[in-house]
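This is data_31.txt (compact mmCIF, C-alpha atoms and all ligand atoms).
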# COMPACT_ATOMS: atom_id res chain seq x y z
CA MET P 1 0.00 0.00 0.00
CA ASP P 2 1.21 3.51 -0.81
CA THR P 3 1.74 5.35 2.48
CA PRO P 4 3.30 8.80 3.00
CA GLU P 5 6.40 6.97 4.28
CA THR P 6 6.86 4.86 1.14
CA GLN P 7 6.27 7.93 -1.04
CA ASP P 8 8.97 9.74 0.89
CA VAL P 9 11.45 6.87 0.47
CA THR P 10 10.61 6.66 -3.24
CA GLY P 11 11.19 10.38 -3.65
CA GLN P 12 14.52 10.18 -1.87
CA LEU P 13 15.70 7.26 -3.97
CA VAL P 14 14.61 8.95 -7.20
CA GLU P 15 16.54 12.04 -6.18
CA HIS P 16 19.63 9.97 -5.33
CA ALA P 17 19.39 8.03 -8.60
CA LEU P 18 19.33 11.29 -10.52
CA GLY P 19 22.43 12.59 -8.72
CA HIS P 20 24.45 12.56 -11.97
CA LEU P 21 22.12 15.27 -13.27
CA PHE P 22 23.09 17.56 -10.44
CA SER P 23 26.69 17.12 -11.48
CA ALA P 24 25.74 17.73 -15.14
CA ALA P 25 23.76 20.87 -14.27
CA LEU P 26 26.66 22.22 -12.22
CA ARG P 27 29.02 21.56 -15.11
CA THR P 28 26.65 23.33 -17.52
CA ALA P 29 26.51 26.41 -15.28
CA ALA P 30 30.30 26.38 -14.93
CA ARG P 31 30.89 25.97 -18.68
CA CYS P 32 28.44 28.83 -19.41
CA ARG P 33 30.13 30.94 -16.70
CA VAL P 34 26.73 31.83 -15.28
CA ALA P 35 28.25 32.92 -11.95
CA ASP P 36 30.54 35.44 -13.67
CA HIS P 37 27.50 36.86 -15.48
CA LEU P 38 25.69 37.28 -12.14
CA ALA P 39 28.61 39.00 -10.42
CA ALA P 40 27.25 42.49 -11.12
CA GLY P 41 23.74 41.60 -9.92
CA PRO P 42 20.72 39.36 -10.53
CA ARG P 43 19.65 38.52 -14.08
CA THR P 44 16.84 36.54 -15.66
CA ALA P 45 17.45 33.37 -17.68
CA ARG P 46 16.62 35.36 -20.81
CA GLU P 47 19.30 37.95 -20.00
CA LEU P 48 21.76 35.20 -19.10
CA ALA P 49 20.99 33.33 -22.31
CA GLY P 50 21.98 36.39 -24.32
CA ALA P 51 25.24 36.67 -22.40
CA THR P 52 26.16 32.97 -22.47
CA GLY P 53 24.90 31.90 -25.89
CA ALA P 54 22.52 29.35 -24.33
CA ASP P 55 18.83 28.70 -24.93
CA ALA P 56 16.82 30.74 -22.37
CA GLY P 57 14.21 28.05 -21.62
CA HIS P 58 16.71 25.27 -21.08
CA LEU P 59 19.09 27.46 -19.12
CA ARG P 60 16.25 28.48 -16.80
CA ARG P 61 15.46 24.82 -16.10
CA VAL P 62 19.10 24.13 -15.21
CA LEU P 63 19.25 27.17 -12.90
CA ARG P 64 15.90 26.34 -11.31
CA TYR P 65 17.24 22.91 -10.40
CA LEU P 66 20.53 24.30 -9.07
CA ALA P 67 18.52 26.79 -6.99
CA THR P 68 16.93 23.83 -5.15
CA ARG P 69 20.45 22.98 -3.90
CA GLY P 70 21.47 26.52 -2.98
CA VAL P 71 23.85 27.14 -5.88
CA PHE P 72 21.74 30.08 -7.11
CA ARG P 73 18.52 31.70 -5.85
CA GLU P 74 15.56 32.67 -8.03
CA ASP P 75 13.44 35.64 -6.91
CA ARG P 76 9.75 36.23 -7.58
CA ALA P 77 10.51 38.28 -10.67
CA GLY P 78 12.39 35.30 -12.17
CA ALA P 79 15.87 36.77 -11.73
CA PHE P 80 18.69 34.54 -10.48
CA HIS P 81 21.04 35.66 -7.69
CA LEU P 82 24.41 34.39 -6.55
CA THR P 83 24.52 32.56 -3.21
CA PRO P 84 27.78 31.93 -1.28
CA THR P 85 28.06 28.61 -3.15
CA GLY P 86 27.40 30.32 -6.47
CA GLU P 87 30.05 32.96 -5.63
CA ALA P 88 32.66 30.20 -5.50
CA LEU P 89 31.71 29.27 -9.09
CA ARG P 90 32.96 32.69 -10.30
CA THR P 91 36.30 32.53 -12.09
CA ASP P 92 37.62 35.82 -10.69
CA VAL P 93 37.32 35.37 -6.91
CA PRO P 94 40.03 34.23 -4.51
CA HIS P 95 39.58 30.51 -3.83
CA SER P 96 37.42 30.09 -6.97
CA GLN P 97 36.18 26.51 -7.39
CA HIS P 98 35.36 26.98 -11.09
CA ALA P 99 38.32 24.94 -12.38
CA ALA P 100 37.75 22.34 -9.64
CA VAL P 101 34.15 21.85 -10.79
CA LEU P 102 35.27 21.51 -14.41
CA MET P 103 37.84 18.89 -13.40
CA LEU P 104 35.57 16.87 -11.10
CA THR P 105 32.77 16.82 -13.69
CA ASP P 106 35.07 16.21 -16.67
CA PRO P 107 33.59 13.59 -19.04
CA THR P 108 36.68 11.42 -18.48
CA PHE P 109 35.82 11.08 -14.79
CA GLN P 110 32.07 10.88 -15.40
CA ARG P 111 32.55 7.89 -17.71
CA THR P 112 34.88 6.24 -15.23
CA SER P 113 32.48 6.75 -12.31
CA ALA P 114 29.57 5.44 -14.37
CA ALA P 115 31.52 2.17 -14.64
CA LEU P 116 31.95 1.89 -10.84
CA GLU P 117 30.17 -1.47 -10.78
CA GLU P 118 32.97 -2.92 -12.89
CA THR P 119 35.55 -1.62 -10.40
CA VAL P 120 33.63 -3.15 -7.51
CA ARG P 121 33.17 -6.52 -9.21
CA LYS P 122 36.71 -6.81 -10.54
CA ALA P 123 38.45 -4.75 -7.85
CA GLY P 124 40.44 -2.77 -10.41
CA PRO P 125 40.07 0.77 -11.76
CA SER P 126 37.50 1.06 -14.57
CA PHE P 127 39.64 3.91 -15.96
CA GLU P 128 42.22 1.45 -17.27
CA ARG P 129 39.70 -0.59 -19.24
CA LEU P 130 38.00 2.50 -20.67
CA PHE P 131 41.15 4.44 -21.55
CA GLY P 132 43.69 1.64 -22.05
CA GLU P 133 46.33 2.69 -19.49
CA PRO P 134 46.77 3.89 -15.90
CA PHE P 135 45.49 7.40 -15.20
CA PHE P 136 48.83 9.22 -14.74
CA THR P 137 50.30 7.52 -17.86
CA TYR P 138 47.25 8.58 -19.85
CA LEU P 139 47.54 12.11 -18.46
CA ALA P 140 51.12 12.35 -19.74
CA GLY P 141 49.86 11.83 -23.29
CA ASP P 142 46.91 14.24 -23.13
CA PRO P 143 48.10 17.83 -22.48
CA GLU P 144 44.54 19.16 -22.57
CA LEU P 145 43.37 16.82 -19.79
CA ARG P 146 46.62 17.48 -17.91
CA GLU P 147 45.75 21.21 -17.97
CA VAL P 148 42.19 20.49 -16.73
CA PHE P 149 43.65 18.29 -13.97
CA ASP P 150 46.41 20.66 -12.79
CA SER P 151 44.10 23.73 -12.89
CA GLY P 152 41.38 21.75 -11.12
CA MET P 153 43.73 20.55 -8.36
CA THR P 154 45.08 24.08 -7.90
CA SER P 155 41.55 25.45 -7.61
CA LEU P 156 40.37 22.64 -5.31
CA SER P 157 43.38 23.31 -3.11
CA ALA P 158 43.17 27.11 -3.07
CA ARG P 159 41.18 27.42 0.15
CA VAL P 160 42.56 24.24 1.68
CA ASP P 161 46.16 25.47 1.22
CA ALA P 162 45.60 28.61 3.30
CA VAL P 163 43.73 26.63 5.97
CA VAL P 164 46.45 23.97 6.22
CA ALA P 165 49.25 26.58 6.26
CA GLY P 166 47.43 28.28 9.16
CA THR P 167 46.51 25.11 11.07
CA TYR P 168 49.64 23.01 11.06
CA PRO P 169 52.68 24.39 12.94
CA PHE P 170 55.16 24.26 10.07
CA PRO P 171 58.66 25.19 11.33
CA GLU P 172 59.86 28.78 10.95
CA HIS P 173 63.27 27.66 9.64
CA GLY P 174 64.64 24.81 7.57
CA ARG P 175 63.55 23.18 4.34
CA ILE P 176 60.17 21.81 3.33
CA VAL P 177 59.79 19.38 0.40
CA ASP P 178 56.34 19.19 -1.18
CA VAL P 179 56.30 15.75 -2.80
CA GLY P 180 53.76 15.55 -5.65
CA GLY P 181 53.05 19.20 -4.85
CA GLY P 182 51.29 19.96 -8.15
CA ARG P 183 51.71 23.61 -9.12
CA GLY P 184 52.90 24.57 -5.62
CA GLY P 185 49.87 26.30 -4.09
CA LEU P 186 50.42 24.78 -0.63
CA LEU P 187 54.16 25.45 -0.69
CA LEU P 188 53.47 29.08 -1.56
CA ALA P 189 50.95 29.41 1.29
CA VAL P 190 53.39 27.88 3.80
CA LEU P 191 56.42 29.95 2.70
CA ARG P 192 54.47 33.22 2.60
CA GLY P 193 54.26 33.74 6.37
CA ARG P 194 57.60 32.11 7.28
CA PRO P 195 60.54 34.15 5.92
CA GLY P 196 63.11 31.75 7.45
CA LEU P 197 61.78 28.70 5.63
CA SER P 198 62.75 27.49 2.16
CA GLY P 199 61.00 24.92 0.01
CA VAL P 200 61.29 22.47 -2.85
CA LEU P 201 58.38 21.70 -5.14
CA PHE P 202 58.73 18.15 -6.49
CA ASP P 203 56.41 16.75 -9.15
CA GLN P 204 56.24 15.61 -12.77
CA THR P 205 57.37 18.02 -15.50
CA PRO P 206 53.93 19.30 -16.67
CA ALA P 207 52.94 20.40 -13.14
CA ILE P 208 56.38 21.91 -12.44
CA SER P 209 56.43 23.83 -15.71
CA THR P 210 53.19 25.65 -14.83
CA HIS P 211 53.98 26.28 -11.13
CA VAL P 212 52.64 29.30 -9.27
CA LEU P 213 55.71 30.13 -7.16
CA SER P 214 57.49 32.75 -9.24
CA GLY P 215 55.03 35.66 -9.02
CA GLU P 216 55.45 36.56 -5.34
CA GLU P 217 58.09 38.88 -3.96
CA ALA P 218 57.60 37.54 -0.40
CA VAL P 219 58.96 34.10 -1.32
CA ARG P 220 61.63 35.17 -3.79
CA GLY P 221 64.88 33.16 -3.54
CA ARG P 222 63.38 30.66 -1.08
CA TRP P 223 62.04 28.00 -3.42
CA SER P 224 63.18 25.63 -6.13
CA ALA P 225 61.18 23.33 -8.38
CA GLU P 226 62.39 19.87 -9.35
CA SER P 227 60.77 17.33 -11.60
CA GLY P 228 61.18 13.63 -10.97
CA ASP P 229 59.54 10.35 -10.07
CA PHE P 230 58.65 9.92 -6.40
CA PHE P 231 58.71 6.13 -6.83
CA THR P 232 62.45 6.40 -7.58
CA GLU P 233 63.62 9.10 -5.14
CA VAL P 234 62.67 12.43 -3.59
CA PRO P 235 64.90 15.46 -2.83
CA GLU P 236 67.18 14.86 0.16
CA GLY P 237 67.70 16.72 3.42
CA GLY P 238 64.21 18.15 4.01
CA ASP P 239 62.96 18.96 7.51
CA VAL P 240 59.31 18.43 6.44
CA TYR P 241 58.08 16.14 3.67
CA VAL P 242 54.57 17.13 2.64
CA LEU P 243 52.31 14.68 0.80
CA LYS P 244 49.04 16.39 -0.01
CA HIS P 245 46.44 14.34 -1.86
CA VAL P 246 49.19 12.05 -3.08
CA LEU P 247 48.81 8.84 -1.07
CA HIS P 248 45.09 8.54 -1.90
CA ASP P 249 46.10 8.08 -5.57
CA TRP P 250 47.82 4.76 -4.84
CA PRO P 251 47.24 1.35 -3.30
CA ASP P 252 49.30 0.49 -0.20
CA GLU P 253 52.29 -0.89 -2.20
CA GLY P 254 52.63 2.41 -4.13
CA CYS P 255 52.26 4.49 -0.95
CA LEU P 256 54.95 2.44 0.76
CA ARG P 257 57.41 3.13 -2.05
CA VAL P 258 56.80 6.89 -1.76
CA LEU P 259 56.92 6.87 2.05
CA ARG P 260 60.12 4.78 2.14
CA ASN P 261 61.75 7.24 -0.27
CA CYS P 262 60.74 10.10 2.04
CA ARG P 263 62.05 8.16 5.06
CA ALA P 264 65.40 7.61 3.31
CA ALA P 265 65.72 11.28 2.29
CA MET P 266 64.69 12.91 5.61
CA ALA P 267 67.14 15.04 7.60
CA PRO P 268 67.58 13.96 11.26
CA GLY P 269 64.49 14.95 13.25
CA ALA P 270 62.41 15.56 10.10
CA ARG P 271 58.65 15.01 9.85
CA VAL P 272 56.29 13.68 7.22
CA VAL P 273 53.09 15.72 6.91
CA ILE P 274 50.23 14.05 5.03
CA VAL P 275 47.30 16.25 4.05
CA GLU P 276 44.30 14.13 3.12
CA SER P 277 40.86 13.08 4.21
CA VAL P 278 40.97 10.96 7.34
CA LEU P 279 37.76 8.99 7.10
CA PRO P 280 35.53 8.97 10.18
CA GLY P 281 34.08 5.63 11.23
CA GLY P 282 30.47 4.57 11.19
CA ASN P 283 27.81 6.48 9.30
CA ALA P 284 29.33 9.94 9.70
CA PRO P 285 29.20 11.81 6.39
CA HIS P 286 32.50 13.07 4.96
CA PRO P 287 33.41 14.32 1.43
CA GLY P 288 36.21 11.75 1.46
CA LYS P 289 33.71 8.89 1.38
CA ALA P 290 32.57 9.91 -2.13
CA MET P 291 36.11 10.83 -3.22
CA ASP P 292 37.16 7.34 -2.10
CA LEU P 293 34.96 5.82 -4.83
CA ALA P 294 36.49 8.10 -7.45
CA MET P 295 39.94 7.02 -6.27
CA ALA P 296 38.93 3.36 -6.65
CA ALA P 297 37.53 3.82 -10.16
CA VAL P 298 40.17 6.20 -11.55
CA VAL P 299 43.51 5.28 -9.98
CA ASN P 300 43.12 2.15 -7.82
CA GLY P 301 43.69 4.41 -4.81
CA GLN P 302 41.70 4.93 -1.62
CA GLU P 303 40.97 7.33 1.20
CA ARG P 304 42.06 6.02 4.60
CA THR P 305 41.15 5.98 8.28
CA ARG P 306 43.53 7.01 11.06
CA GLU P 307 44.26 3.34 11.77
CA GLU P 308 45.03 2.67 8.09
CA PHE P 309 47.44 5.63 7.99
CA ALA P 310 49.14 4.43 11.19
CA ALA P 311 49.65 0.93 9.73
CA LEU P 312 50.93 2.28 6.41
CA LEU P 313 53.37 4.61 8.17
CA ALA P 314 54.60 1.85 10.47
CA ALA P 315 55.36 -0.36 7.46
CA ALA P 316 57.60 2.45 6.16
CA GLU P 317 59.38 2.78 9.55
CA LEU P 318 57.50 5.95 10.41
CA ARG P 319 55.38 6.63 13.49
CA LEU P 320 52.11 8.54 13.41
CA THR P 321 52.39 11.28 16.05
CA ARG P 322 49.11 13.17 15.65
CA VAL P 323 46.14 13.92 13.41
CA LEU P 324 45.00 17.54 13.26
CA PRO P 325 41.56 18.26 11.81
CA THR P 326 41.32 21.47 9.76
CA ALA P 327 38.43 23.78 8.92
CA ALA P 328 38.54 22.28 5.40
CA PHE P 329 37.81 18.63 4.55
CA PRO P 330 41.37 17.22 4.69
CA SER P 331 43.16 16.61 7.98
CA VAL P 332 46.87 16.77 8.69
CA VAL P 333 48.56 13.51 9.64
CA GLU P 334 52.02 13.98 11.13
CA ALA P 335 54.68 11.29 11.39
CA VAL P 336 58.34 11.01 12.43
CA ALA P 337 60.98 8.34 11.99
CA ALA P 338 60.08 5.28 14.08
C1 LIG Y 1 46.15 14.55 -6.80
S1 LIG Y 1 47.54 15.47 -7.32
C2 LIG Y 1 47.92 16.42 -5.88
C3 LIG Y 1 48.66 17.67 -6.22
C4 LIG Y 1 48.90 18.61 -5.01
N1 LIG Y 1 49.65 17.98 -3.96
C5 LIG Y 1 47.57 19.10 -4.50
O1 LIG Y 1 47.13 18.69 -3.44
O2 LIG Y 1 46.93 19.92 -5.19
C6 LIG Y 1 48.81 14.23 -7.33
C7 LIG Y 1 50.13 14.77 -7.85
O3 LIG Y 1 51.08 13.68 -7.90
C8 LIG Y 1 51.89 13.87 -9.04
N2 LIG Y 1 52.50 12.59 -9.42
C9 LIG Y 1 51.88 11.48 -9.89
N3 LIG Y 1 52.77 10.50 -10.11
C10 LIG Y 1 53.99 11.02 -9.79
C11 LIG Y 1 55.32 10.49 -9.78
N4 LIG Y 1 55.55 9.22 -10.17
N5 LIG Y 1 56.34 11.27 -9.37
C12 LIG Y 1 56.11 12.58 -8.98
N6 LIG Y 1 54.85 13.13 -8.95
C13 LIG Y 1 53.82 12.36 -9.35
C14 LIG Y 1 50.93 14.38 -10.09
O4 LIG Y 1 51.59 15.03 -11.15
C15 LIG Y 1 50.04 15.31 -9.27
O5 LIG Y 1 50.48 16.64 -9.30
The structure in this file should be written as structure tokens.
Amino acid sequence: MDTPETQDVTGQLVEHALGHLFSAALRTAARCRVADHLAAGPRTARELAGATGADAGHLRRVLRYLATRGVFREDRAGAFHLTPTGEALRTDVPHSQHAAVLMLTDPTFQRTSAALEETVRKAGPSFERLFGEPFFTYLAGDPELREVFDSGMTSLSARVDAVVAGTYPFPEHGRIVDVGGGRGGLLLAVLRGRPGLSGVLFDQTPAISTHVLSGEEAVRGRWSAESGDFFTEVPEGGDVYVLKHVLHDWPDEGCLRVLRNCRAAMAPGARVVIVESVLPGGNAPHPGKAMDLAMAAVVNGQERTREEFAALLAAAELRLTRVLPTAAFPSVVEAVAA
């Protein structure tokens, strides 16, 4: 019998099953740069259609749906307004998430996620069957996707970098090595407020060649950028080895190779600082629990719990000393030589 309760459950499940359309609507708004067109004030779908080259009727339907999730707000006159979430979709604001949204909703990842069942049944990343090679190998041969990925990671990290640099007590002196540091956003944020500290950005050539370190007077002469393979070796003599959103890209064997290389390169008394989601137990929601599925499907990686980090670190002769939550979704996991 159809009761209010069963109707409610049906509605919830329908909404969940259509979740990919939320992602598609968000991508559409980002591609049309709707948020930029609302920066000067509210506009109707008709006005926005003129500015974005979209069809007014269809654009309105996309924005109406996004307004149900707080991305925009429609007023009684039919004009759409920016909300705090919509503000972050602008391209010209500090901590813009525009490039992050374009990366996370890229068709490459959408196709891979749609094949999640295959990953679950065969316990291997669906990316490799769909695209013929491991993700980072594929990325090396596709400069356009590499650009989407590096810009997206930089954008995703923009707010997190400042939060982490302000939360974790990085030393005031010495040398920090950001292993797999992407374009260097976190390194820049850490060096900015610590004039006695120097840093090395270490990553693959495409990320290094588009790094963000050179524009700032405050860090001039205190950084270098090196390209290389962290499975082979990492720069020696650092006082802090940072791994931000690196370990979640790899299964335990890969992580151990990177961590052992850090362990071998560390100066006496050095620390390893991992910046990643630390998954809470039980039913507690956490953005890392969705990201974990993307890691499984795309790269055969995973997000980890505190216990899993402790075990991984111990296997690399490192000892977990503390986990610091931050105001952003990743936490900071600190370790020293065991
Ligand atoms: C998910 S991104 C994280 C980037 C940055 N730490 C951040 O949080 O924005 C992973 C990084 O690892 C780098 N990477 C992947 N394989 C690598 C390897 N074998 N050696 C060095 N860097 C590698 C990628 O180029 C990429 O920049």
Atom CA of Leu201 of chain P sits from atom CA of Ala225 of chain P at a separation of 4.6 Å
- Item | ligand LIG 1 (chain Y) neighbours within 8 Å using only C-alpha atoms and all ligand atoms, as a ChimeraX atom specification | /P:136,150,153-154,156-157,178-186,202-207,227-232,243-246,248-249,275
Using atom CA of Arg43 of chain P and atom CA of Asp55 of chain P as the two end points, give the distance in Å to one decimal.
->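 Atom CA of Arg43 of chain P sits 14.7 Å away from atom CA of Asp55 of chain P.
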Using only C-alpha atoms, list the residues that have an atom at most 8 Å from (20.3, 39.0, -15.2), coordinates as in the file, as a PDB file with C-alpha atoms, keeping the file's coordinate frame.
ATOM      1  CA  HIS P  37      27.500  36.860 -15.480  1.00  0.00           C
ATOM      2  CA  LEU P  38      25.690  37.280 -12.140  1.00  0.00           C
ATOM      3  CA  GLY P  41      23.740  41.600  -9.920  1.00  0.00           C
ATOM      4  CA  PRO P  42      20.720  39.360 -10.530  1.00  0.00           C
ATOM      5  CA  ARG P  43      19.650  38.520 -14.080  1.00  0.00           C
ATOM      6  CA  THR P  44      16.840  36.540 -15.660  1.00  0.00           C
ATOM      7  CA  ALA P  45      17.450  33.370 -17.680  1.00  0.00           C
ATOM      8  CA  ARG P  46      16.620  35.360 -20.810  1.00  0.00           C
ATOM      9  CA  GLU P  47      19.300  37.950 -20.000  1.00  0.00           C
ATOM     10  CA  LEU P  48      21.760  35.200 -19.100  1.00  0.00           C
ATOM     11  CA  ALA P  79      15.870  36.770 -11.730  1.00  0.00           C
ATOM     12  CA  PHE P  80      18.690  34.540 -10.480  1.00  0.00           C
TER      13      PHE P  80
END
Task: Distance of atom CA of Arg73 of chain P from atom CA of Val101 of chain P, expressed in Å to one decimal place - done: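 Interatomic distance, atom CA of Val101 of chain P to atom CA of Arg73 of chain P: 19.1 Å.
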* Excluding Lys289 of chain P and any residue of its chain fewer than 2 positions from it, enumerate the residues within 10 Å of it, using only C-alpha atoms, and give them as a ChimeraX atom specification. => /P:277-280,284-287,291-294,302-304
Can you tell me which residues surround segment 254-260 of chain P at a distance of at most 8 Å, considering all atoms listed in the file, apart from same-chain residues fewer than 5 positions away, and format the answer as JSON, numbers by chain? {"P": [230, 231, 233, 247, 312, 313, 315, 316, 317]}
If you keep C-alpha atoms, can you produce a file of those selected residues as a compact mmCIF listing (two decimals), in the frame of the given file?
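Result file again.txt:
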# COMPACT_ATOMS: atom_id res chain seq x y z
CA PHE P 230 58.65 9.92 -6.40
CA PHE P 231 58.71 6.13 -6.83
CA GLU P 233 63.62 9.10 -5.14
CA LEU P 247 48.81 8.84 -1.07
CA LEU P 312 50.93 2.28 6.41
CA LEU P 313 53.37 4.61 8.17
CA ALA P 315 55.36 -0.36 7.46
CA ALA P 316 57.60 2.45 6.16
CA GLU P 317 59.38 2.78 9.55
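Between Arg61 of chain P and the candidates P:Gly166, P:Gly78, P:Gly238, P:Gly11, the tightest atom-to-atom separation, counting all atoms listed in the file, involves P:Gly78.
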For segment 130-209 of chain P versus segment 109-126 of chain P, which residues have an atom no more than 9 Å away, and what is each residue's nearest atom pair and distance in Å rounded to one decimal, using only C-alpha atoms, chain-then-number order, as JSON lines?
{"residue": "P:Leu130", "atom": "CA", "partner": "P:Ser126", "partner_atom": "CA", "distance": 6.3}
{"residue": "P:Phe131", "atom": "CA", "partner": "P:Ser126", "partner_atom": "CA", "distance": 8.6}
{"residue": "P:Pro134", "atom": "CA", "partner": "P:Pro125", "partner_atom": "CA", "distance": 8.5}
Take the point (44.3, 18.8, -14.5) as written in the file and pick out every residue within 10 Å of it, counting all atoms listed in the file; give the list as a list in words.
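Residues satisfying the cut-off, written out: Ala99, Ala100, Leu102, Met103, Leu104, Asp106, Leu139, Pro143, Glu144, Leu145, Arg146, Glu147, Val148, Phe149, Asp150, Ser151, Gly152, Met153, Thr154, Ser155, Gly182, Pro206 and Ala207 of chain P.
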Would you mind writing segment 253-272 of chain P with N, CA and C atoms, as a compact mmCIF listing (two decimals), in the frame of the given file?
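Okay, out-v5.txt is ready:
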# COMPACT_ATOMS: atom_id res chain seq x y z
N GLU P 253 50.91 -0.62 -1.71
CA GLU P 253 52.29 -0.89 -2.20
C GLU P 253 52.91 0.39 -2.77
N GLY P 254 52.12 1.16 -3.54
CA GLY P 254 52.63 2.41 -4.13
C GLY P 254 52.94 3.42 -3.03
N CYS P 255 52.04 3.54 -2.06
CA CYS P 255 52.26 4.49 -0.95
C CYS P 255 53.54 4.15 -0.20
N LEU P 256 53.76 2.85 0.01
CA LEU P 256 54.95 2.44 0.76
C LEU P 256 56.23 2.84 0.03
N ARG P 257 56.21 2.74 -1.29
CA ARG P 257 57.41 3.13 -2.05
C ARG P 257 57.68 4.63 -1.86
N VAL P 258 56.63 5.44 -1.92
CA VAL P 258 56.80 6.89 -1.76
C VAL P 258 57.26 7.20 -0.32
N LEU P 259 56.59 6.59 0.65
CA LEU P 259 56.92 6.87 2.05
C LEU P 259 58.33 6.42 2.39
N ARG P 260 58.75 5.26 1.85
CA ARG P 260 60.12 4.78 2.14
C ARG P 260 61.14 5.73 1.52
N ASN P 261 60.83 6.27 0.34
CA ASN P 261 61.75 7.24 -0.27
C ASN P 261 61.84 8.51 0.58
N CYS P 262 60.72 8.93 1.14
CA CYS P 262 60.74 10.10 2.04
C CYS P 262 61.56 9.77 3.29
N ARG P 263 61.34 8.60 3.84
CA ARG P 263 62.05 8.16 5.06
C ARG P 263 63.56 8.15 4.82
N ALA P 264 63.96 7.69 3.62
CA ALA P 264 65.40 7.61 3.31
C ALA P 264 66.01 9.00 3.10
N ALA P 265 65.18 9.95 2.65
CA ALA P 265 65.72 11.28 2.29
C ALA P 265 65.68 12.27 3.45
N MET P 266 64.93 11.96 4.51
CA MET P 266 64.69 12.91 5.61
C MET P 266 65.97 13.30 6.35
N ALA P 267 66.07 14.60 6.70
CA ALA P 267 67.14 15.04 7.60
C ALA P 267 66.83 14.51 9.00
N PRO P 268 67.85 14.42 9.89
CA PRO P 268 67.58 13.96 11.26
C PRO P 268 66.50 14.84 11.91
N GLY P 269 65.55 14.21 12.55
CA GLY P 269 64.49 14.95 13.25
C GLY P 269 63.38 15.45 12.33
N ALA P 270 63.42 15.06 11.05
CA ALA P 270 62.41 15.56 10.10
C ALA P 270 61.04 14.90 10.32
N ARG P 271 60.02 15.54 9.74
CA ARG P 271 58.65 15.01 9.85
C ARG P 271 58.08 14.77 8.46
N VAL P 272 57.12 13.86 8.42
CA VAL P 272 56.29 13.68 7.22
C VAL P 272 54.92 14.25 7.56
